[in-house]
Structure formats: structure tokens, C-alpha cells
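Participant: Please find one structure pasted underneath; my questions will follow.
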Amino acid sequence: MTPRPQSPGKIRIIGGRWRGRRIEVVPVPGLRPTPDRVRETLFNWLAPIIEGARCLDCFAGTGALAFEALSRGAGHCVMVEQNPACADQLRAQAQRLGAAGAEVHCGEVRQWLVANPRLFDVIFLDPPFDSNLAAETCVLLANGRNLAPAGLLYVETTPGWVPPEDHFLVRKQGRAGQVQYMLLAANTGGPA
């Protein structure tokens, strides 16, 4: 089963100060907003650390993960999106919500990571499923220039994907239909 070819017109923020607010979605083929059920699970996992967190949403797309994080108290969230129409929509949505902690960059994620050695407490990684970008970006993130030492990396992929074990340890994982999702921590060589 392949991911939906076209995204819905709107998705909703499911928790926090903007709960129930709708996010406009640009009709881009292959754009897959993270399902409500998966976002609910993810943010239950992140509840102890999301308040004030510095977040990065790679392959931001709809911004569902970034706006959910900000709604739930994240201090700042950088969104990186290559598609100019999606990036424009993210900026417009941030303005509509009054999301002072939102920062949007239009560009290729891997290039942005190399050019911006900033540390983040939580990084969301939800690349196009028909690519090898999850593995490539994980290896790039393992260099320690973007993920804070105690930071967490959320990865959303097709079922069966395995993170690079020499770089990351799986802390939590789940599956919803054709979506596999996991929360990873840096493998520092100590006990798991």
C-alpha cells in the first residue's frame, strides 16, 4: 500500500493552547500529515520534556508536528521545508496562530543542517517515504551538531525501517497502518 497521493485540505491541532484549531494543508502530491493517533502517542511520550523545548521539524510539510509542539509549550520550533508553497503556508499559519516561537526556512534539510550547527532538544524527522532520506539524515544528525546530548529524535517511516544502531537507540516505537514511528536517543556507548 502506498501513502495517500494527496493531502487533506485541513488538519487539526489536537492538544495544548491551540487545541481544535485547523491547519491549512497545501495540496501537494505525496504530502502525508502525521495522523492524529500517532501525534497523540508521540506527544504523550514527549510530555515530560516538551515544555520550553527547542524543536526542529525536518521535512516540515504541513507543520503538524511543529505546531503541535508549540501548542503544547515548546519554546521554539524551526521548520525546514523544501517546497516553496508549503514553506509559504507554514509562515502564514504561524502568523495566523500568533506563533512567536515558529521559524520557517525554505531549503533542503541536509544542507540546512550542515549550515546551521544549532542544538535542539527534539528533532522531528518525517521525510518522503519513497526516499532514503531517513537514513541519510539520521547519519548526518549523529555528528552531534544538531541534536542536544540528551535530545530525542522522532522518526516516521514505512514499516521495517531500522535506525543506524551505531548512532541511535530506540526508546519508544509504534505502528499505525503503513506508518512506523519511533523515538530515538543518541547512542553514547552506555547501557540502553
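Following the order of the C-alpha cells, first chain is A, next is B, and so on, with residues numbered from 1 inside each chain and ligands from 1 in the order they appear.
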Compile the contact shell of Leu147 in chain A as a PyMOL selection string: residues with an atom at most 9 Å away, counting only C-alpha atoms, same-chain residues fewer than 3 positions apart removed.
Facilitator: chain A and resi 118-123+141-144+150-153+186
Participant: Go through range 94-139 of chain A and collect every residue that DSSP, computed from the backbone, puts in strand (DSSP E or B); the answer should be as a list in words.
Facilitator: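 These are the residues in question: Ala102, Glu103, Val104, His105, Cys106, Phe120, Asp121, Val122, Ile123, Phe124 and Leu125 of chain A.
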Participant: Quick one: write out the picked residues with C-alpha atoms as a PDB file, in the first residue's frame?
Facilitator:
```pdb
ATOM      1  CA  ALA A 102       7.972  29.497  14.980  1.00  0.00           C
ATOM      2  CA  GLU A 103      10.805  29.916  12.474  1.00  0.00           C
ATOM      3  CA  VAL A 104      10.424  28.716   8.858  1.00  0.00           C
ATOM      4  CA  HIS A 105      13.232  28.037   6.380  1.00  0.00           C
ATOM      5  CA  CYS A 106      12.714  27.026   2.767  1.00  0.00           C
ATOM      6  CA  PHE A 120      17.747  21.039  19.517  1.00  0.00           C
ATOM      7  CA  ASP A 121      16.092  19.087  22.336  1.00  0.00           C
ATOM      8  CA  VAL A 122      13.628  17.375  19.982  1.00  0.00           C
ATOM      9  CA  ILE A 123      14.023  16.776  16.259  1.00  0.00           C
ATOM     10  CA  PHE A 124      11.111  15.562  14.127  1.00  0.00           C
ATOM     11  CA  LEU A 125      12.146  13.603  11.042  1.00  0.00           C
TER      12      LEU A 125
END
```
Participant: Using only C-alpha atoms, which of the listed residues (A:Glu136, A:Glu68, A:Asp126, A:Glu24) sits closest to Lys10 in chain A?
Facilitator: A:Glu24
Participant: Going by DSSP on the backbone, which bits of chain A are helix (DSSP H, G or I)? Write them as number ranges by chain, please.
Facilitator: A: 36-46, 64-71, 84-97, 109-115, 133-141
Participant: Could you build a table of the residues in range 113-157 of chain A lying no more than 9 Å from range 26-36 of chain A, giving for each the nearest pair of atoms and their separation in Å rounded to one decimal place, using only C-alpha atoms, ordered by chain and ascending residue number, as a Markdown table?
Facilitator:
```
| residue | atom | partner | partner_atom | distance |
| --- | --- | --- | --- | --- |
| A:Asp126 | CA | A:Thr34 | CA | 8.4 |
| A:Pro128 | CA | A:Gly30 | CA | 7.4 |
| A:Phe129 | CA | A:Gly30 | CA | 8.6 |
| A:Glu156 | CA | A:Thr34 | CA | 8.4 |
```
Participant: Could you save those same residues with N, CA and C atoms as a short mmCIF file (atom, residue, chain, number, x, y, z; two decimals), in the first residue's frame?
Facilitator:
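Output (out_17.cif):
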```
data_model
loop_
_atom_site.label_atom_id
_atom_site.label_comp_id
_atom_site.auth_asym_id
_atom_site.auth_seq_id
_atom_site.Cartn_x
_atom_site.Cartn_y
_atom_site.Cartn_z
N ASP A 126 10.39 13.35 9.40
CA ASP A 126 9.30 12.68 8.68
C ASP A 126 9.48 12.94 7.19
N PRO A 128 9.88 12.16 2.95
CA PRO A 128 9.07 11.40 1.98
C PRO A 128 9.39 9.91 2.10
N PHE A 129 8.35 9.09 2.09
CA PHE A 129 8.53 7.65 2.26
C PHE A 129 9.28 7.01 1.10
N GLU A 156 9.54 9.04 11.47
CA GLU A 156 8.33 8.45 10.90
C GLU A 156 8.68 7.91 9.52
#
```
